[in-house]
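J.: protein.txt is reproduced below (compact mmCIF, C-alpha atoms and all ligand atoms).
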```txt
# COMPACT_ATOMS: atom_id res chain seq x y z
CA MET A 1 120.00 100.26 -131.46
CA SER A 2 118.39 96.83 -131.64
CA SER A 3 119.71 94.02 -133.84
CA THR A 4 119.31 90.28 -134.14
CA TYR A 5 122.16 88.64 -132.22
CA ARG A 6 123.68 85.40 -133.48
CA LEU A 7 124.05 82.82 -130.70
CA ALA A 8 125.52 79.30 -130.67
CA VAL A 9 124.54 76.81 -127.98
CA VAL A 10 127.56 74.87 -126.70
CA GLY A 11 126.57 71.60 -125.00
CA THR A 12 123.17 70.24 -126.05
CA GLY A 13 122.13 68.28 -122.93
CA GLY A 14 119.30 68.92 -120.47
CA ILE A 15 119.48 72.68 -119.86
CA ALA A 16 120.33 73.54 -123.47
CA HIS A 17 116.82 72.48 -124.51
CA LEU A 18 115.31 74.89 -121.99
CA HIS A 19 117.57 77.69 -123.28
CA ALA A 20 116.55 77.05 -126.88
CA GLN A 21 112.84 76.90 -125.97
CA SER A 22 113.13 80.18 -124.04
CA LEU A 23 115.02 81.86 -126.86
CA GLN A 24 112.61 80.71 -129.55
CA SER A 25 109.47 81.58 -127.61
CA ASN A 26 110.59 84.86 -125.98
CA LEU A 27 113.44 86.28 -128.05
CA ALA A 28 112.47 85.56 -131.68
CA GLY A 29 113.94 88.30 -133.87
CA ARG A 30 116.29 89.44 -131.09
CA ILE A 31 118.50 86.40 -130.44
CA GLU A 32 118.74 83.66 -133.06
CA VAL A 33 120.24 80.21 -132.40
CA VAL A 34 122.42 79.76 -135.51
CA ALA A 35 124.55 76.76 -134.51
CA ALA A 36 125.15 74.16 -131.81
CA VAL A 37 128.11 72.17 -130.51
CA ASP A 38 128.35 68.79 -128.82
CA PRO A 39 130.93 65.99 -129.08
CA ASP A 40 127.98 63.60 -128.60
CA ALA A 41 126.70 63.37 -132.20
CA GLU A 42 123.35 61.86 -131.21
CA ARG A 43 122.54 64.66 -128.77
CA LEU A 44 123.69 67.27 -131.24
CA GLU A 45 121.44 65.90 -134.01
CA ALA A 46 118.45 65.64 -131.64
CA PHE A 47 118.95 69.27 -130.59
CA LYS A 48 119.33 70.52 -134.16
CA ALA A 49 116.16 68.67 -135.19
CA ALA A 50 114.16 69.85 -132.16
CA PHE A 51 114.94 73.53 -132.73
CA GLY A 52 115.53 73.70 -136.49
CA VAL A 53 119.21 74.64 -136.02
CA GLU A 54 121.05 74.12 -139.30
CA ARG A 55 124.71 73.88 -138.39
CA GLY A 56 126.36 71.64 -135.79
CA TYR A 57 129.97 71.12 -134.69
CA ALA A 58 131.76 68.51 -132.60
CA SER A 59 133.89 71.14 -130.82
CA GLN A 60 133.78 74.79 -129.86
CA GLU A 61 137.07 75.27 -131.68
CA GLU A 62 135.42 74.27 -134.98
CA LEU A 63 132.46 76.51 -134.17
CA LEU A 64 134.59 79.60 -133.54
CA ALA A 65 136.61 78.97 -136.72
CA ALA A 66 133.49 78.67 -138.88
CA GLU A 67 130.84 81.07 -137.52
CA GLU A 68 130.40 84.82 -137.10
CA LEU A 69 128.82 85.04 -133.66
CA ASP A 70 127.70 87.60 -131.11
CA LEU A 71 127.26 85.10 -128.27
CA VAL A 72 128.12 81.59 -127.22
CA ASP A 73 125.73 80.09 -124.70
CA LEU A 74 127.72 77.65 -122.54
CA CYS A 75 125.40 74.81 -121.49
CA THR A 76 128.31 72.45 -120.87
CA PRO A 77 129.18 70.74 -117.57
CA PRO A 78 130.84 73.13 -115.05
CA GLY A 79 134.35 71.67 -115.52
CA VAL A 80 134.61 72.96 -119.08
CA HIS A 81 133.04 76.42 -118.57
CA ALA A 82 136.38 78.20 -118.02
CA ASP A 83 138.10 76.88 -121.16
CA GLY A 84 134.98 77.51 -123.25
CA ALA A 85 134.56 81.04 -121.92
CA VAL A 86 138.22 81.99 -122.39
CA ALA A 87 138.29 80.64 -125.97
CA ALA A 88 135.15 82.60 -126.92
CA LEU A 89 136.32 85.82 -125.25
CA GLU A 90 139.70 85.56 -126.98
CA ALA A 91 137.81 85.28 -130.27
CA GLY A 92 135.88 88.46 -129.38
CA VAL A 93 132.61 86.59 -128.85
CA GLY A 94 130.38 87.36 -125.84
CA VAL A 95 129.62 84.57 -123.38
CA VAL A 96 126.47 83.62 -121.54
CA CYS A 97 127.53 80.82 -119.18
CA GLU A 98 125.37 78.48 -117.14
CA LYS A 99 125.95 78.33 -113.41
CA PRO A 100 128.27 77.65 -111.71
CA PRO A 101 130.55 79.82 -113.87
CA ALA A 102 133.72 77.95 -112.82
CA LEU A 103 134.96 75.28 -110.43
CA SER A 104 136.99 77.72 -108.30
CA LEU A 105 137.87 81.39 -107.88
CA SER A 106 141.16 80.62 -109.59
CA GLU A 107 139.37 79.39 -112.72
CA PHE A 108 136.94 82.29 -112.45
CA ASP A 109 139.79 84.81 -112.42
CA ARG A 110 141.15 83.26 -115.62
CA ILE A 111 137.77 84.00 -117.23
CA ALA A 112 137.65 87.50 -115.71
CA ALA A 113 141.13 88.28 -117.12
CA ALA A 114 140.08 87.08 -120.59
CA SER A 115 136.92 89.16 -120.30
CA ALA A 116 138.88 92.28 -119.30
CA ALA A 117 141.17 91.82 -122.32
CA SER A 118 138.30 91.12 -124.75
CA SER A 119 136.02 93.40 -126.73
CA ALA A 120 133.19 91.09 -125.59
CA ASP A 121 131.63 90.44 -122.17
CA PHE A 122 131.19 87.44 -119.88
CA SER A 123 127.85 86.90 -118.15
CA VAL A 124 126.37 84.15 -116.01
CA ILE A 125 122.90 82.63 -115.96
CA SER A 126 121.06 83.33 -112.70
CA GLN A 127 117.49 83.45 -113.92
CA HIS A 128 115.82 84.15 -110.58
CA ARG A 129 117.29 87.64 -110.41
CA PHE A 130 115.05 88.57 -113.32
CA GLY A 131 111.49 88.24 -112.04
CA SER A 132 109.77 91.60 -111.58
CA ALA A 133 108.97 90.88 -107.91
CA ALA A 134 112.69 90.61 -107.08
CA GLN A 135 113.23 93.90 -108.90
CA ARG A 136 110.46 95.53 -106.83
CA VAL A 137 112.06 94.29 -103.61
CA ARG A 138 115.36 95.86 -104.74
CA ASN A 139 113.48 99.12 -105.55
CA MET A 140 111.66 99.06 -102.20
CA MET A 141 114.92 98.51 -100.32
CA ALA A 142 116.51 101.41 -102.17
CA SER A 143 113.54 103.73 -101.45
CA GLY A 144 113.65 102.93 -97.71
CA VAL A 145 109.96 101.97 -97.53
CA LEU A 146 110.79 98.61 -95.91
CA GLY A 147 113.17 100.08 -93.33
CA SER A 148 116.44 98.23 -92.68
CA LEU A 149 116.96 94.50 -93.05
CA ALA A 150 117.50 92.77 -89.69
CA VAL A 151 117.45 89.04 -90.39
CA ALA A 152 117.00 86.71 -93.37
CA LYS A 153 116.77 83.06 -94.38
CA CYS A 154 117.71 81.48 -97.68
CA ASP A 155 116.93 77.80 -98.14
CA THR A 156 117.36 75.48 -101.09
CA LEU A 157 115.83 72.25 -99.85
CA TRP A 158 115.76 69.89 -102.82
CA TYR A 159 115.76 66.12 -103.28
CA ARG A 160 118.16 64.26 -105.54
CA PRO A 161 118.14 60.44 -105.35
CA GLU A 162 121.28 58.38 -105.73
CA GLU A 163 120.56 57.80 -109.47
CA TYR A 164 120.92 61.54 -110.13
CA PHE A 165 124.65 61.16 -109.49
CA ALA A 166 125.05 58.47 -112.18
CA VAL A 167 125.87 61.35 -114.57
CA GLU A 168 129.67 61.25 -114.67
CA TRP A 169 130.38 64.92 -113.83
CA ARG A 170 128.02 65.17 -110.83
CA GLY A 171 129.11 64.73 -107.23
CA ARG A 172 132.84 65.31 -107.75
CA TRP A 173 134.87 68.40 -106.80
CA GLU A 174 136.96 68.15 -110.00
CA THR A 175 133.97 68.27 -112.36
CA GLU A 176 131.05 69.88 -110.47
CA GLY A 177 132.97 72.07 -108.02
CA GLY A 178 130.72 71.16 -105.08
CA GLY A 179 127.37 69.74 -104.00
CA PRO A 180 124.13 71.63 -103.31
CA THR A 181 125.93 74.79 -102.15
CA MET A 182 127.69 75.24 -105.49
CA GLY A 183 125.36 73.43 -107.88
CA HIS A 184 121.85 74.13 -106.58
CA GLY A 185 121.76 76.70 -103.74
CA ILE A 186 123.75 79.06 -105.96
CA HIS A 187 120.45 80.20 -107.53
CA GLN A 188 118.92 81.33 -104.24
CA ILE A 189 122.22 82.64 -102.87
CA ASP A 190 122.80 84.78 -105.95
CA THR A 191 119.22 86.08 -105.94
CA LEU A 192 119.51 86.85 -102.23
CA LEU A 193 122.76 88.79 -102.73
CA SER A 194 121.21 90.72 -105.62
CA MET A 195 118.68 92.02 -103.09
CA VAL A 196 120.62 92.34 -99.81
CA GLY A 197 124.04 93.52 -101.03
CA PRO A 198 127.54 92.57 -99.91
CA TRP A 199 128.41 90.01 -97.23
CA THR A 200 131.31 90.31 -94.79
CA GLU A 201 131.66 87.07 -92.80
CA VAL A 202 130.55 83.41 -92.88
CA VAL A 203 130.44 80.61 -90.33
CA ALA A 204 129.42 77.32 -91.95
CA THR A 205 129.26 73.55 -91.78
CA ALA A 206 129.03 71.01 -94.61
CA HIS A 207 127.95 67.38 -94.34
CA ARG A 208 127.74 64.26 -96.41
CA HIS A 209 124.85 62.53 -94.72
CA ARG A 210 123.61 60.10 -97.38
CA ARG A 211 124.81 60.21 -101.00
CA ALA A 212 127.69 58.29 -102.55
CA THR A 213 129.33 61.52 -103.71
CA ASN A 214 132.65 63.17 -102.91
CA THR A 215 130.89 66.52 -102.43
CA GLU A 216 128.57 67.53 -99.58
CA ASP A 217 124.84 66.77 -99.69
CA VAL A 218 123.94 69.42 -97.06
CA SER A 219 125.45 72.72 -95.89
CA HIS A 220 124.44 75.36 -93.35
CA ALA A 221 125.87 78.87 -93.16
CA ILE A 222 125.37 81.96 -91.02
CA VAL A 223 126.32 85.00 -93.08
CA THR A 224 126.82 88.53 -91.79
CA LEU A 225 125.99 91.24 -94.32
CA ALA A 226 127.76 94.57 -94.76
CA ASN A 227 124.54 96.32 -93.67
CA GLY A 228 124.76 94.45 -90.34
CA ALA A 229 121.91 91.98 -90.95
CA SER A 230 122.43 88.22 -90.58
CA VAL A 231 121.27 85.43 -92.90
CA ALA A 232 120.90 81.68 -92.27
CA ILE A 233 121.43 79.65 -95.46
CA THR A 234 120.72 75.91 -95.83
CA ASN A 235 121.40 73.90 -98.99
CA SER A 236 120.18 70.31 -99.10
CA LEU A 237 119.67 67.53 -101.62
CA LEU A 238 117.99 65.29 -99.01
CA SER A 239 114.65 67.07 -98.56
CA PRO A 240 111.62 65.11 -99.86
CA ARG A 241 109.27 68.14 -99.66
CA GLU A 242 111.28 70.35 -101.94
CA THR A 243 111.23 74.13 -101.69
CA SER A 244 113.32 77.19 -102.53
CA GLN A 245 112.73 79.97 -100.03
CA ILE A 246 114.01 83.41 -99.21
CA ARG A 247 112.66 85.29 -96.19
CA LEU A 248 113.65 88.90 -95.49
CA ASP A 249 112.63 90.51 -92.18
CA PHE A 250 112.86 94.29 -92.42
CA ASP A 251 112.00 96.82 -89.69
CA CYS A 252 108.64 97.51 -91.40
CA ALA A 253 107.68 94.22 -93.11
CA THR A 254 108.50 90.58 -93.83
CA VAL A 255 109.02 89.70 -97.50
CA GLU A 256 108.89 86.00 -98.45
CA LEU A 257 109.53 84.03 -101.62
CA ASP A 258 108.44 80.38 -101.73
CA HIS A 259 108.87 78.46 -105.00
CA LEU A 260 110.83 75.57 -106.47
CA TYR A 261 112.49 76.14 -109.85
CA GLY A 262 110.97 79.51 -110.78
CA TYR A 263 108.53 82.08 -109.46
CA GLY A 264 105.72 84.41 -110.48
CA GLU A 265 103.97 87.13 -108.45
CA GLU A 266 101.95 84.45 -106.63
CA ASN A 267 105.07 83.01 -104.99
CA TRP A 268 105.70 86.18 -102.96
CA THR A 269 104.10 87.33 -99.70
CA VAL A 270 104.56 90.71 -98.07
CA THR A 271 103.45 91.14 -94.45
CA PRO A 272 103.85 94.71 -93.22
CA LEU A 273 103.63 95.85 -89.60
CA GLU A 274 100.25 97.51 -89.08
CA ALA A 275 101.77 100.98 -88.86
CA HIS A 276 103.34 100.59 -92.33
CA VAL A 277 100.62 98.77 -94.31
CA GLU A 278 99.70 101.64 -96.60
CA GLU A 279 103.12 102.71 -97.88
CA VAL A 280 104.54 99.16 -98.04
CA MET A 281 101.59 97.72 -99.98
CA GLN A 282 101.44 100.73 -102.32
CA ALA A 283 105.09 100.13 -103.19
CA TRP A 284 104.52 96.37 -103.50
CA TYR A 285 101.65 96.85 -105.99
CA SER A 286 103.66 99.29 -108.13
CA LYS A 287 105.62 98.43 -111.30
CA PRO A 288 107.40 96.42 -112.62
CA ARG A 289 104.87 93.58 -112.33
CA GLY A 290 104.03 90.27 -113.97
CA GLN A 291 107.40 89.09 -115.28
CA ALA A 292 108.09 85.58 -113.97
CA SER A 293 111.68 84.56 -113.25
CA GLY A 294 113.33 82.36 -115.87
CA HIS A 295 115.82 82.06 -118.66
CA GLY A 296 113.53 84.03 -121.02
CA ALA A 297 113.56 87.01 -118.64
CA GLN A 298 117.36 86.90 -118.35
CA PHE A 299 117.94 86.54 -122.10
CA ALA A 300 115.65 89.56 -122.66
CA ALA A 301 117.88 91.53 -120.26
CA VAL A 302 120.95 90.28 -122.17
CA ALA A 303 119.47 91.50 -125.48
CA ASP A 304 118.54 94.86 -123.89
CA ALA A 305 122.13 95.30 -122.67
CA LEU A 306 123.58 94.43 -126.09
CA ASP A 307 121.18 96.94 -127.71
CA LYS A 308 122.44 99.63 -125.32
CA GLY A 309 126.09 98.61 -125.67
CA THR A 310 126.41 97.80 -121.96
CA ALA A 311 127.66 94.62 -120.25
CA PRO A 312 124.93 91.94 -120.13
CA PRO A 313 123.80 90.75 -116.69
CA VAL A 314 124.86 88.86 -114.56
CA THR A 315 128.28 90.54 -114.93
CA ALA A 316 131.62 88.97 -114.05
CA ALA A 317 131.82 91.21 -110.95
CA ASP A 318 128.36 90.12 -109.72
CA ALA A 319 129.12 86.47 -110.41
CA ARG A 320 132.44 86.63 -108.57
CA HIS A 321 130.76 88.12 -105.50
CA THR A 322 128.44 85.10 -105.30
CA LEU A 323 131.24 82.62 -106.03
CA GLU A 324 133.29 84.24 -103.24
CA LEU A 325 130.50 83.58 -100.74
CA ILE A 326 130.15 79.96 -101.86
CA THR A 327 133.92 79.51 -101.59
CA ALA A 328 133.83 81.05 -98.10
CA ILE A 329 131.06 78.64 -97.03
CA TYR A 330 133.28 75.68 -98.00
CA ALA A 331 136.39 77.30 -96.50
CA SER A 332 134.61 77.86 -93.18
CA ALA A 333 133.01 74.41 -93.16
CA PHE A 334 136.26 72.55 -93.85
CA SER A 335 138.59 74.76 -91.77
CA GLY A 336 136.17 75.07 -88.82
CA LYS A 337 136.80 78.84 -88.71
CA PRO A 338 134.86 81.99 -89.62
CA VAL A 339 135.86 83.33 -93.06
CA ARG A 340 135.72 87.02 -93.93
CA ALA A 341 135.23 88.51 -97.40
CA GLY A 342 138.66 88.72 -99.04
CA ASP A 343 140.20 85.97 -96.87
CA VAL A 344 140.21 83.48 -99.76
CA ASP A 345 143.01 85.04 -101.80
CA PRO A 346 145.39 83.29 -104.22
CA THR A 347 147.47 81.95 -101.28
CA SER A 348 144.50 79.98 -99.91
CA PRO A 349 143.93 76.31 -100.89
CA TYR A 350 140.23 77.25 -101.26
CA TYR A 351 141.15 79.62 -104.10
CA LEU A 352 142.23 76.62 -106.17
CA ARG A 353 139.56 74.11 -105.14
CA MET A 354 136.30 74.45 -103.26
CA ASP A 355 137.34 71.56 -101.00
CA GLY A 356 140.68 73.25 -100.27
CA ALA A 357 143.10 70.68 -98.87
CA GLY A 358 140.39 67.99 -98.75
CA THR A 359 137.12 67.01 -97.08
CA PRO A 360 136.71 65.37 -93.65
CA TRP A 361 135.12 62.36 -95.40
CA PRO A 362 136.71 59.85 -97.83
CA ASP A 363 135.84 59.87 -101.54
CA ARG A 364 132.96 57.62 -102.61
CA LYS A 365 132.72 58.47 -106.31
N1 LIG A 401 120.10 77.45 -114.61
C1 LIG A 401 119.51 76.31 -114.32
O1 LIG A 401 118.38 76.28 -113.82
C2 LIG A 401 120.22 75.02 -114.59
C3 LIG A 401 119.53 73.81 -114.51
C4 LIG A 401 120.21 72.62 -114.83
C5 LIG A 401 121.57 72.66 -115.16
N2 LIG A 401 122.22 73.87 -115.17
C6 LIG A 401 123.66 73.94 -115.49
O2 LIG A 401 123.81 73.75 -116.90
C7 LIG A 401 125.04 73.08 -117.17
C8 LIG A 401 124.76 71.81 -117.99
O3 LIG A 401 123.91 70.96 -117.24
P1 LIG A 401 123.03 69.83 -117.96
O4 LIG A 401 122.20 69.24 -116.87
O5 LIG A 401 122.39 70.35 -119.18
O6 LIG A 401 124.20 68.79 -118.34
P2 LIG A 401 124.13 67.58 -119.37
O7 LIG A 401 125.16 66.61 -118.93
O8 LIG A 401 122.71 67.13 -119.56
O9 LIG A 401 124.57 68.26 -120.76
C9 LIG A 401 125.88 68.75 -120.99
C10 LIG A 401 126.19 68.55 -122.48
O10 LIG A 401 127.46 69.14 -122.75
C11 LIG A 401 128.16 68.30 -123.65
N3 LIG A 401 129.58 68.59 -123.55
C12 LIG A 401 130.49 68.12 -122.64
N4 LIG A 401 131.70 68.67 -122.87
C13 LIG A 401 131.55 69.50 -123.94
C14 LIG A 401 132.44 70.35 -124.63
N5 LIG A 401 133.74 70.47 -124.28
N6 LIG A 401 131.95 71.07 -125.67
C15 LIG A 401 130.67 70.96 -126.04
N7 LIG A 401 129.77 70.17 -125.41
C16 LIG A 401 130.21 69.45 -124.36
C17 LIG A 401 127.77 66.89 -123.24
O11 LIG A 401 128.00 65.94 -124.27
C18 LIG A 401 126.29 67.07 -122.91
O12 LIG A 401 125.45 66.85 -124.03
C19 LIG A 401 125.68 72.79 -115.81
O13 LIG A 401 126.61 73.81 -115.51
C20 LIG A 401 124.52 72.86 -114.85
O14 LIG A 401 124.87 73.23 -113.53
C21 LIG A 401 121.56 75.02 -114.91
```
Show this structure as structure tokens.
Ligand SMILES: NC(=O)c1ccc[n+]([C@@H]2O[C@H](COP(=O)([O-])OP(=O)(O)OC[C@H]3O[C@@H](n4cnc5c(N)ncnc54)[C@H](O)[C@@H]3O)[C@@H](O)[C@H]2O)c1

T.:
Amino acid sequence: MSSTYRLAVVGTGGIAHLHAQSLQSNLAGRIEVVAAVDPDAERLEAFKAAFGVERGYASQEELLAAEELDLVDLCTPPGVHADGAVAALEAGVGVVCEKPPALSLSEFDRIAAASAASSADFSVISQHRFGSAAQRVRNMMASGVLGSLAVAKCDTLWYRPEEYFAVEWRGRWETEGGGPTMGHGIHQIDTLLSMVGPWTEVVATAHRHRRATNTEDVSHAIVTLANGASVAITNSLLSPRETSQIRLDFDCATVELDHLYGYGEENWTVTPLEAHVEEVMQAWYSKPRGQASGHGAQFAAVADALDKGTAPPVTAADARHTLELITAIYASAFSGKPVRAGDVDPTSPYYLRMDGAGTPWPDRK
């Protein structure tokens, strides 16, 4: 059954505007923005005026006391995601939470426990899972037409100047949870995992080459997948020619994605071996087609799930799997040892903080 779902945007900064635009242009009649929250009165008023939202609140507590909601959309800085998510779930309100969902696995498990005890669900924004080309790759992998995956690359090579870190919450473990691995590469890493399945082991390094942050500005990881393939992942904020890339080399074809902050069909290339051209390209030109990645595509999937009474994507289980890999990258980088899936349990310092017992470099922020 389809209804109109009542959503409140919590945190009305940069990304909240993109959410509201996506909702109003793609989800009109399905998801309605009925209220907004921000302790910064000026930002709140600007957001309400920009999107014709009638009611605003200075805190999420006031929002939950006053409104009947289906969803809160957490567009707050990462350090307040866990408290916001738990409060909404305890009130029986579903949560769509911007990435990263939490600062640590420990915080994440607090959300997961609240979600398990709630009538509502927790989901995380990872908009690049939702382009139709990524879905076709998942379908093609499942059908066997590509053969097995042997090797892959996953690069988030972005550029963020020093001024970017003037925003208080950026560049600190306590408020951002990490540098480009956690805050930026998470998009590609999550999209990659949605295609290639579970990982088993990581060997990684992390570096602070340039920026006056406490977090890394570059990381490299070699990840072994459960299917036996290996993936090289690089996350950088020091790369003037910016690109977001995933390359998958299967037995029968290479599949490549090359974009920056979002992709359409034109950002993908499929290069089959000559012996497999016909069946690979037939599968590649099949449906679904034409849906670009983006918040609109994910919110449509959220509304579809609510209509069907199922848990909206990206589910808590999916999000934890990605957060586990990111945690393992930091744990390997800072311990100098390989880290296997499951190694970071509640007895590990990396369960509590992504920098575990501390970084090899002194704080600068
Ligand atoms: N999916 C994407 O492509 C994407 C892109 C950019 C940012 N993000 C994520 O979105 C989140 C927000 O990033 P941003 O760049 O919009 O940040 P921002 O600093 O521009 O905005 C955050 C807003 O939240 C408000 N806020 C802080 N604490 C609050 C609280 N307790 N309750 C209500 N409001 C509160 C702030 O006043 C501010 O207006 C981050 O987690 C970030 O990683 C995602």

J.: As lines of an AutoDock Vina configuration file, please report the centre and edge lengths, rounded to one decimal in Å, of the axis-aligned box that holds all listed atoms of ligand LIG 401 (chain A) with 3 Å of padding on each of the six sides.

T.:
```
center_x = 126.1
center_y = 71.7
center_z = -119.8
size_x = 21.4
size_y = 17.5
size_z = 18.5
```

J.: Mind giving me the straight-line distance from atom C4 of ligand LIG 401 (chain A) to atom CA of Asp258 of chain A in Å, one decimal?

T.: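 Between atom C4 of ligand LIG 401 (chain A) and atom CA of Asp258 of chain A the gap is 19.2 Å.
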
J.: Residues within 6 Å of ligand LIG 401 (chain A) (all atoms listed in the file), as number ranges by chain?

T.: A: 10-16, 37-40, 43, 59-60, 75-78, 80, 98-100, 183

J.: Print the selection's residues with C-alpha atoms to a file, as a PDB file, in the frame of the given file.

T.:
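Done, and the output landed in out15.pdb:
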```
ATOM      1  CA  VAL A  10     127.560  74.870-126.700  1.00  0.00           C
ATOM      2  CA  GLY A  11     126.570  71.600-125.000  1.00  0.00           C
ATOM      3  CA  THR A  12     123.170  70.240-126.050  1.00  0.00           C
ATOM      4  CA  GLY A  13     122.130  68.280-122.930  1.00  0.00           C
ATOM      5  CA  GLY A  14     119.300  68.920-120.470  1.00  0.00           C
ATOM      6  CA  ILE A  15     119.480  72.680-119.860  1.00  0.00           C
ATOM      7  CA  ALA A  16     120.330  73.540-123.470  1.00  0.00           C
ATOM      8  CA  VAL A  37     128.110  72.170-130.510  1.00  0.00           C
ATOM      9  CA  ASP A  38     128.350  68.790-128.820  1.00  0.00           C
ATOM     10  CA  PRO A  39     130.930  65.990-129.080  1.00  0.00           C
ATOM     11  CA  ASP A  40     127.980  63.600-128.600  1.00  0.00           C
ATOM     12  CA  ARG A  43     122.540  64.660-128.770  1.00  0.00           C
ATOM     13  CA  SER A  59     133.890  71.140-130.820  1.00  0.00           C
ATOM     14  CA  GLN A  60     133.780  74.790-129.860  1.00  0.00           C
ATOM     15  CA  CYS A  75     125.400  74.810-121.490  1.00  0.00           C
ATOM     16  CA  THR A  76     128.310  72.450-120.870  1.00  0.00           C
ATOM     17  CA  PRO A  77     129.180  70.740-117.570  1.00  0.00           C
ATOM     18  CA  PRO A  78     130.840  73.130-115.050  1.00  0.00           C
ATOM     19  CA  VAL A  80     134.610  72.960-119.080  1.00  0.00           C
ATOM     20  CA  GLU A  98     125.370  78.480-117.140  1.00  0.00           C
ATOM     21  CA  LYS A  99     125.950  78.330-113.410  1.00  0.00           C
ATOM     22  CA  PRO A 100     128.270  77.650-111.710  1.00  0.00           C
ATOM     23  CA  GLY A 183     125.360  73.430-107.880  1.00  0.00           C
TER      24      GLY A 183
END
```

J.: Excluding His295 of chain A and any residue of its chain fewer than 3 positions from it, enumerate the residues within 10 Å of it, using only C-alpha atoms, and give them as a CSV table (one decimal) with C-alpha atoms, keeping the file's coordinate frame.

T.:
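Output below, filename out29.csv:
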```csv
chain,number,residue,atom,x,y,z
A,18,LEU,CA,115.3,74.9,-122.0
A,19,HIS,CA,117.6,77.7,-123.3
A,20,ALA,CA,116.6,77.0,-126.9
A,21,GLN,CA,112.8,76.9,-126.0
A,22,SER,CA,113.1,80.2,-124.0
A,23,LEU,CA,115.0,81.9,-126.9
A,26,ASN,CA,110.6,84.9,-126.0
A,125,ILE,CA,122.9,82.6,-116.0
A,126,SER,CA,121.1,83.3,-112.7
A,127,GLN,CA,117.5,83.4,-113.9
A,128,HIS,CA,115.8,84.2,-110.6
A,130,PHE,CA,115.0,88.6,-113.3
A,262,GLY,CA,111.0,79.5,-110.8
A,292,ALA,CA,108.1,85.6,-114.0
A,298,GLN,CA,117.4,86.9,-118.4
A,299,PHE,CA,117.9,86.5,-122.1
A,300,ALA,CA,115.6,89.6,-122.7
A,301,ALA,CA,117.9,91.5,-120.3
```

J.: Which residues of segment 203-297 of chain A come within 12 Å of segment 132-150 of chain A, and for each one, what is the closest pair of atoms and their distance in Å to one decimal, counting all atoms listed in the file, sorted by chain and residue number, as a Markdown table?

T.:
```
| residue | atom | partner | partner_atom | distance |
| --- | --- | --- | --- | --- |
| A:Thr224 | CA | A:Ala150 | CA | 10.5 |
| A:Leu225 | CA | A:Leu149 | CA | 9.7 |
| A:Ala226 | CA | A:Leu149 | CA | 10.9 |
| A:Asn227 | CA | A:Leu149 | CA | 7.8 |
| A:Gly228 | CA | A:Ala150 | CA | 7.5 |
| A:Ala229 | CA | A:Ala150 | CA | 4.7 |
| A:Ser230 | CA | A:Ala150 | CA | 6.8 |
| A:Val231 | CA | A:Ala150 | CA | 8.9 |
| A:Ala232 | CA | A:Ala150 | CA | 11.9 |
| A:Ile246 | CA | A:Ala134 | CA | 10.7 |
| A:Arg247 | CA | A:Leu149 | CA | 10.6 |
| A:Leu248 | CA | A:Leu149 | CA | 6.9 |
| A:Asp249 | CA | A:Ala150 | CA | 5.9 |
| A:Phe250 | CA | A:Leu149 | CA | 4.2 |
| A:Asp251 | CA | A:Gly147 | CA | 5.0 |
| A:Cys252 | CA | A:Leu146 | CA | 5.1 |
| A:Ala253 | CA | A:Leu146 | CA | 6.1 |
| A:Thr254 | CA | A:Leu146 | CA | 8.6 |
| A:Val255 | CA | A:Val137 | CA | 8.2 |
| A:Glu256 | CA | A:Val137 | CA | 10.3 |
| A:Leu257 | CA | A:Ala134 | CA | 9.1 |
| A:Gly262 | CA | A:Ala134 | CA | 11.8 |
| A:Tyr263 | CA | A:Ala133 | CA | 8.9 |
| A:Gly264 | CA | A:Ala133 | CA | 7.7 |
| A:Glu265 | CA | A:Ala133 | CA | 6.3 |
| A:Glu266 | CA | A:Ala133 | CA | 9.6 |
| A:Asn267 | CA | A:Ala133 | CA | 9.3 |
| A:Trp268 | CA | A:Ala133 | CA | 7.6 |
| A:Thr269 | CA | A:Ala133 | CA | 10.2 |
| A:Val270 | CA | A:Val137 | CA | 10.0 |
| A:Thr271 | CA | A:Leu146 | CA | 10.6 |
| A:Pro272 | CA | A:Leu146 | CA | 8.4 |
| A:Leu273 | CA | A:Leu146 | CA | 9.9 |
| A:Ala275 | CA | A:Leu146 | CA | 11.7 |
| A:His276 | CA | A:Leu146 | CA | 8.5 |
| A:Val277 | CA | A:Leu146 | CA | 10.3 |
| A:Glu278 | CA | A:Val145 | CA | 10.3 |
| A:Glu279 | CA | A:Val145 | CA | 6.9 |
| A:Val280 | CA | A:Val145 | CA | 6.1 |
| A:Met281 | CA | A:Val145 | CA | 9.7 |
| A:Gln282 | CA | A:Val145 | CA | 9.9 |
| A:Ala283 | CA | A:Met140 | CA | 6.7 |
| A:Trp284 | CA | A:Arg136 | CA | 6.9 |
| A:Tyr285 | CA | A:Arg136 | CA | 8.9 |
| A:Ser286 | CA | A:Arg136 | CA | 7.9 |
| A:Lys287 | CA | A:Arg136 | CA | 7.2 |
| A:Pro288 | CA | A:Ser132 | CA | 5.5 |
| A:Arg289 | CA | A:Ser132 | CA | 5.3 |
| A:Gly290 | CA | A:Ser132 | CA | 6.4 |
| A:Gln291 | CA | A:Ser132 | CA | 5.1 |
| A:Ala292 | CA | A:Ser132 | CA | 6.7 |
| A:Ser293 | CA | A:Ser132 | CA | 7.5 |
| A:Gly294 | CA | A:Ser132 | CA | 10.8 |
| A:Ala297 | CA | A:Ser132 | CA | 9.2 |
```

J.: Quick one: residues within 7 Å of Ala8 of chain A, all atoms listed in the file, excluding same-chain residues fewer than 3 positions away - as an MDAnalysis selection string?

T.: chainID A and resid 33:36 71:73

J.: Record the distance separating atom CA of Val93 of chain A and atom CA of Glu324 of chain A, expressed in Å with one decimal.

T.: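 These atoms are spaced 25.7 Å apart.
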